[in-house]
Amino acid sequence: MGRSRSTRIARLGCTAWDEVLVPSLTYIATANAVRYMGGEPVFVDVDPHTWCISPSGLEQAITPKTKGIIAVHLYGHPADMDAINKVAAAHGLWVVRTPPEAHFARYKGRLVGGLADIATFSFYGNKIIASGEGGAGHVERSIPCAPYKHARGQGMDLARPILFSDHCYNYRLTNIAAALLCAQLERAQEIISRRQAVFDFYRKRLDGIPGLSFSQ
Ligand SMILES: *Cc1c(COP(=O)(O)O)cnc(C)c1O
């Protein structure tokens, strides 16, 4: 295991045997991020309306070993961040929010990008905005981003690029993927409108069927 991810999560305060609360409905990457550190992912049930981690389930899952929460905005639905941040603040936990599928989603009018200490985006091919592979991180203003830049490039010292002061992997997005991403971002509105039209198509035909509900 390289120390780059370890270093990153360690800065949020997760070391071996610490517990991190993650949603029970998500992609494996959420739990893997915790396991990279040797921490224990603790699965918390999801809310039936948002399909995201349930704020009421969080309280019950917290133990003295709990260090943080990873909230995932699944399928474009924002998790209830106010409630999640409130629980986190009451228990001194950090919050990482991953909206891999919720680019441009809004929670109470705010873009979901800035609602946690750290946020991660995926641009994998099946996401709303895609570059084939790659991703991006968003760090809250009060958290220094230098450690993340350092971890991104195989531990290269940012001030002295001939020194490698840590043992890290290469997490850089390629220039070619970045160029694709820029072109996709220019088309964001068109891509989102098309998705909305597909959603409306299904809603029109499925609405009113007992047992089915729509959250949007
Ligand atoms: C797509 C996705 C990921 C994986 O993103 P990568 O770019 O492969 O790291 C992780 N979690 C969720 C919920 C996803 O939808």
# chains A, B, ... in the order shown; residues from 1 in each chain; ligands from 1
call {"tool": "residues_around", "arguments": {"residues": "A:Ala177", "least_positions_apart": "6", "cutoff": "8 Å", "atoms": "only C-alpha atoms", "output": "JSON, numbers by chain"}}
result
{"A": [131, 132, 133, 134]}
call {"tool": "residues_near_ligand", "arguments": {"ligand": "ligand 1", "cutoff": "12 Å", "atoms": "only C-alpha atoms and all ligand atoms", "output": "ChimeraX atom specification"}}
result
/A:22-33,51-53,70-78,97-103,119-137,171,173
call {"tool": "write_last_selection", "arguments": {"atoms": "N, CA and C atoms", "output": "compact mmCIF listing (two decimals), in the first residue's frame"}}
result
# COMPACT_ATOMS: atom_id res chain seq x y z
N VAL A 22 -19.80 4.91 6.36
CA VAL A 22 -20.02 4.98 4.91
C VAL A 22 -21.42 4.46 4.61
N PRO A 23 -22.01 4.88 3.47
CA PRO A 23 -23.36 4.39 3.15
C PRO A 23 -23.34 2.91 2.77
N SER A 24 -24.42 2.21 3.06
CA SER A 24 -24.49 0.78 2.72
C SER A 24 -24.80 0.60 1.24
N LEU A 25 -25.26 1.65 0.56
CA LEU A 25 -25.51 1.58 -0.88
C LEU A 25 -24.55 2.55 -1.56
N THR A 26 -23.52 2.02 -2.21
CA THR A 26 -22.51 2.86 -2.86
C THR A 26 -21.64 1.96 -3.72
N TYR A 27 -20.59 2.54 -4.31
CA TYR A 27 -19.61 1.75 -5.05
C TYR A 27 -18.49 1.37 -4.07
N ILE A 28 -17.77 0.29 -4.43
CA ILE A 28 -16.75 -0.26 -3.53
C ILE A 28 -15.69 0.76 -3.12
N ALA A 29 -15.47 1.79 -4.00
CA ALA A 29 -14.40 2.76 -3.75
C ALA A 29 -14.56 3.44 -2.39
N THR A 30 -15.79 3.63 -1.94
CA THR A 30 -16.02 4.34 -0.67
C THR A 30 -15.38 3.55 0.48
N ALA A 31 -15.68 2.26 0.52
CA ALA A 31 -15.13 1.42 1.60
C ALA A 31 -13.63 1.20 1.39
N ASN A 32 -13.21 1.07 0.14
CA ASN A 32 -11.78 0.85 -0.14
C ASN A 32 -10.92 1.99 0.38
N ALA A 33 -11.41 3.22 0.26
CA ALA A 33 -10.63 4.38 0.71
C ALA A 33 -10.30 4.25 2.19
N TRP A 51 -31.64 7.76 -1.21
CA TRP A 51 -30.73 6.62 -1.39
C TRP A 51 -29.33 6.95 -0.90
N CYS A 52 -29.20 8.00 -0.12
CA CYS A 52 -27.90 8.40 0.43
C CYS A 52 -27.89 8.12 1.94
N ILE A 53 -26.69 8.20 2.53
CA ILE A 53 -26.53 7.83 3.95
C ILE A 53 -27.56 8.54 4.83
N ILE A 70 -18.11 9.45 5.32
CA ILE A 70 -18.03 9.67 3.87
C ILE A 70 -19.45 9.63 3.34
N ALA A 71 -19.94 10.78 2.89
CA ALA A 71 -21.30 10.86 2.35
C ALA A 71 -21.20 10.82 0.83
N VAL A 72 -21.94 9.95 0.20
CA VAL A 72 -21.90 9.84 -1.27
C VAL A 72 -23.23 10.34 -1.82
N HIS A 73 -23.16 11.27 -2.80
CA HIS A 73 -24.40 11.72 -3.45
C HIS A 73 -24.66 10.77 -4.61
N LEU A 74 -25.46 9.76 -4.35
CA LEU A 74 -25.62 8.69 -5.33
C LEU A 74 -26.64 9.06 -6.42
N TYR A 75 -26.31 8.71 -7.66
CA TYR A 75 -27.22 8.93 -8.80
C TYR A 75 -27.74 10.36 -8.89
N GLY A 76 -26.90 11.31 -8.52
CA GLY A 76 -27.30 12.71 -8.67
C GLY A 76 -28.16 13.25 -7.53
N HIS A 77 -28.45 12.42 -6.54
CA HIS A 77 -29.26 12.89 -5.41
C HIS A 77 -28.36 13.38 -4.30
N PRO A 78 -28.47 14.64 -3.89
CA PRO A 78 -27.64 15.10 -2.77
C PRO A 78 -28.06 14.43 -1.47
N ARG A 97 -17.22 14.16 1.19
CA ARG A 97 -18.43 14.01 0.42
C ARG A 97 -18.00 13.61 -0.98
N THR A 98 -18.57 12.53 -1.52
CA THR A 98 -18.19 12.17 -2.87
C THR A 98 -19.41 12.23 -3.78
N PRO A 99 -19.41 13.20 -4.69
CA PRO A 99 -20.52 13.29 -5.64
C PRO A 99 -20.11 12.76 -7.01
N PRO A 100 -19.62 11.50 -7.13
CA PRO A 100 -19.11 11.06 -8.42
C PRO A 100 -20.17 11.13 -9.50
N GLU A 101 -21.43 11.09 -9.09
CA GLU A 101 -22.50 11.08 -10.10
C GLU A 101 -23.38 12.30 -9.97
N ALA A 102 -22.95 13.31 -9.25
CA ALA A 102 -23.85 14.43 -8.96
C ALA A 102 -23.23 15.77 -9.34
N HIS A 103 -22.50 15.81 -10.45
CA HIS A 103 -21.93 17.09 -10.89
C HIS A 103 -23.08 18.06 -11.12
N ALA A 119 -14.24 17.14 -0.98
CA ALA A 119 -15.16 16.48 -1.91
C ALA A 119 -14.36 15.88 -3.05
N THR A 120 -14.81 14.75 -3.57
CA THR A 120 -14.12 14.14 -4.70
C THR A 120 -15.11 13.91 -5.84
N PHE A 121 -14.66 14.17 -7.05
CA PHE A 121 -15.48 13.96 -8.24
C PHE A 121 -14.83 12.90 -9.11
N SER A 122 -15.65 12.07 -9.75
CA SER A 122 -15.12 11.12 -10.73
C SER A 122 -15.56 11.57 -12.12
N PHE A 123 -14.66 11.43 -13.08
CA PHE A 123 -15.01 11.72 -14.48
C PHE A 123 -14.95 10.45 -15.31
N TYR A 124 -15.16 9.32 -14.66
CA TYR A 124 -15.21 8.04 -15.35
C TYR A 124 -16.33 8.08 -16.40
N GLY A 125 -16.24 7.20 -17.40
CA GLY A 125 -17.13 7.28 -18.57
C GLY A 125 -18.62 7.28 -18.29
N ASN A 126 -19.07 6.71 -17.17
CA ASN A 126 -20.52 6.66 -16.94
C ASN A 126 -21.04 7.83 -16.12
N LYS A 127 -20.22 8.86 -15.90
CA LYS A 127 -20.66 10.01 -15.10
C LYS A 127 -21.28 11.10 -15.99
N ILE A 128 -21.91 12.05 -15.35
CA ILE A 128 -22.60 13.11 -16.11
C ILE A 128 -21.58 13.89 -16.94
N ILE A 129 -20.48 14.28 -16.32
CA ILE A 129 -19.38 14.92 -17.04
C ILE A 129 -18.22 13.93 -17.01
N ALA A 130 -17.76 13.51 -18.18
CA ALA A 130 -16.79 12.42 -18.22
C ALA A 130 -15.56 12.79 -19.05
N SER A 131 -14.41 12.23 -18.65
CA SER A 131 -13.21 12.39 -19.49
C SER A 131 -12.62 11.01 -19.76
N GLY A 132 -13.42 9.97 -19.59
CA GLY A 132 -12.93 8.61 -19.78
C GLY A 132 -12.46 8.04 -18.46
N GLU A 133 -11.42 8.62 -17.91
CA GLU A 133 -10.93 8.27 -16.57
C GLU A 133 -10.51 9.56 -15.88
N GLY A 134 -10.31 9.47 -14.60
CA GLY A 134 -9.79 10.62 -13.87
C GLY A 134 -10.81 11.20 -12.92
N GLY A 135 -10.35 12.14 -12.11
CA GLY A 135 -11.24 12.74 -11.13
C GLY A 135 -10.66 14.03 -10.61
N ALA A 136 -11.33 14.63 -9.65
CA ALA A 136 -10.86 15.89 -9.08
C ALA A 136 -11.25 15.94 -7.61
N GLY A 137 -10.48 16.68 -6.87
CA GLY A 137 -10.79 16.87 -5.46
C GLY A 137 -11.08 18.33 -5.18
N TYR A 171 -1.40 10.17 -9.24
CA TYR A 171 -2.86 10.35 -9.37
C TYR A 171 -3.21 11.44 -10.36
N LEU A 173 -4.34 13.60 -13.56
CA LEU A 173 -5.22 13.50 -14.73
C LEU A 173 -4.34 13.80 -15.95
call {"tool": "closest_residue", "arguments": {"among": "A:Gln184, A:Thr50, A:Gln154, A:Thr63", "to": "A:His167", "atoms": "only C-alpha atoms"}}
result
A:Gln154
call {"tool": "atom_distance", "arguments": {"atom1": "atom CA of A:Ala105", "atom2": "atom CA of A:Ala88"}}
result
22.0 Å
call {"tool": "atom_distance", "arguments": {"atom1": "atom CA of A:Asp117", "atom2": "atom CA of A:Leu21"}}
result
15.1 Å
call {"tool": "select_by_dssp", "arguments": {"residues": "stretch 107-213 of chain A", "states": "helix (DSSP H, G or I)", "output": "VMD selection string"}}
result
chain A and resid 112 to 114 146 to 152 175 to 186 188 to 206
call {"tool": "atom_distance", "arguments": {"atom1": "atom CA of A:Leu158", "atom2": "atom CA of A:Gly39"}}
result
28.5 Å
call {"tool": "select_by_dssp", "arguments": {"residues": "stretch 25-190 of chain A", "states": "strand (DSSP E)", "output": "ChimeraX atom specification"}}
result
/A:40-44,66-72,94-98,106-107,110-111,118-122,135-139
call {"tool": "write_last_selection", "arguments": {"atoms": "C-alpha atoms", "output": "short mmCIF file (atom, residue, chain, number, x, y, z; two decimals), in the first residue's frame"}}
result
data_model
loop_
_atom_site.label_atom_id
_atom_site.label_comp_id
_atom_site.auth_asym_id
_atom_site.auth_seq_id
_atom_site.Cartn_x
_atom_site.Cartn_y
_atom_site.Cartn_z
CA GLU A 40 -12.80 -0.03 9.39
CA PRO A 41 -15.69 1.05 7.15
CA VAL A 42 -18.92 0.95 9.16
CA PHE A 43 -21.97 0.66 6.93
CA VAL A 44 -24.93 2.90 7.70
CA THR A 66 -15.46 6.80 14.87
CA LYS A 67 -13.33 9.43 13.10
CA GLY A 68 -15.33 10.57 10.11
CA ILE A 69 -18.16 10.21 7.63
CA ILE A 70 -18.03 9.67 3.87
CA ALA A 71 -21.30 10.86 2.35
CA VAL A 72 -21.90 9.84 -1.27
CA TRP A 94 -14.71 15.09 9.64
CA VAL A 95 -16.90 14.78 6.52
CA VAL A 96 -15.80 13.71 3.05
CA ARG A 97 -18.43 14.01 0.42
CA THR A 98 -18.19 12.17 -2.87
CA ARG A 106 -27.82 21.35 -5.86
CA TYR A 107 -28.71 20.92 -2.19
CA ARG A 110 -26.17 25.36 -3.18
CA LEU A 111 -23.93 23.37 -5.53
CA ILE A 118 -13.25 17.54 1.21
CA ALA A 119 -15.16 16.48 -1.91
CA THR A 120 -14.12 14.14 -4.70
CA PHE A 121 -15.48 13.96 -8.24
CA SER A 122 -15.12 11.12 -10.73
CA GLY A 135 -11.24 12.74 -11.13
CA ALA A 136 -10.86 15.89 -9.08
CA GLY A 137 -10.79 16.87 -5.46
CA HIS A 138 -12.26 19.95 -3.81
CA VAL A 139 -10.77 21.04 -0.51
#
call {"tool": "residues_around", "arguments": {"residues": "A:Ala83", "least_positions_apart": "3", "cutoff": "10 Å", "atoms": "only C-alpha atoms", "output": "list in words"}}
result
Ser54, Pro55, Ser56, Leu58, Ala79, Asp80, Lys86, Val87, Ala88 and Ala89 of chain A
call {"tool": "write_last_selection", "arguments": {"atoms": "N, CA and C atoms", "output": "compact mmCIF listing (two decimals), in the first residue's frame"}}
result
# COMPACT_ATOMS: atom_id res chain seq x y z
N SER A 54 -28.17 7.77 5.72
CA SER A 54 -29.26 8.30 6.53
C SER A 54 -28.72 9.02 7.77
N PRO A 55 -29.03 10.33 7.92
CA PRO A 55 -28.52 11.06 9.09
C PRO A 55 -28.95 10.42 10.40
N SER A 56 -30.17 9.86 10.46
CA SER A 56 -30.61 9.28 11.74
C SER A 56 -29.84 7.99 12.03
N LEU A 58 -26.73 7.57 11.38
CA LEU A 58 -25.36 7.93 11.77
C LEU A 58 -25.19 7.88 13.28
N ALA A 79 -27.07 14.03 -0.67
CA ALA A 79 -27.38 13.55 0.68
C ALA A 79 -27.81 14.74 1.52
N ASP A 80 -28.43 14.47 2.66
CA ASP A 80 -28.93 15.56 3.51
C ASP A 80 -27.75 16.15 4.30
N LYS A 86 -24.32 18.39 10.90
CA LYS A 86 -24.72 18.66 12.28
C LYS A 86 -24.27 17.51 13.20
N VAL A 87 -24.52 16.29 12.74
CA VAL A 87 -24.09 15.12 13.53
C VAL A 87 -22.56 15.13 13.65
N ALA A 88 -21.87 15.44 12.52
CA ALA A 88 -20.40 15.44 12.51
C ALA A 88 -19.87 16.47 13.50
N ALA A 89 -20.46 17.66 13.49
CA ALA A 89 -19.99 18.73 14.38
C ALA A 89 -20.22 18.33 15.85
call {"tool": "residues_around", "arguments": {"residues": "A:Ile192", "least_positions_apart": "5", "cutoff": "9 Å", "atoms": "only C-alpha atoms", "output": "PyMOL selection string"}}
result
chain A and resi 104+128+187+197
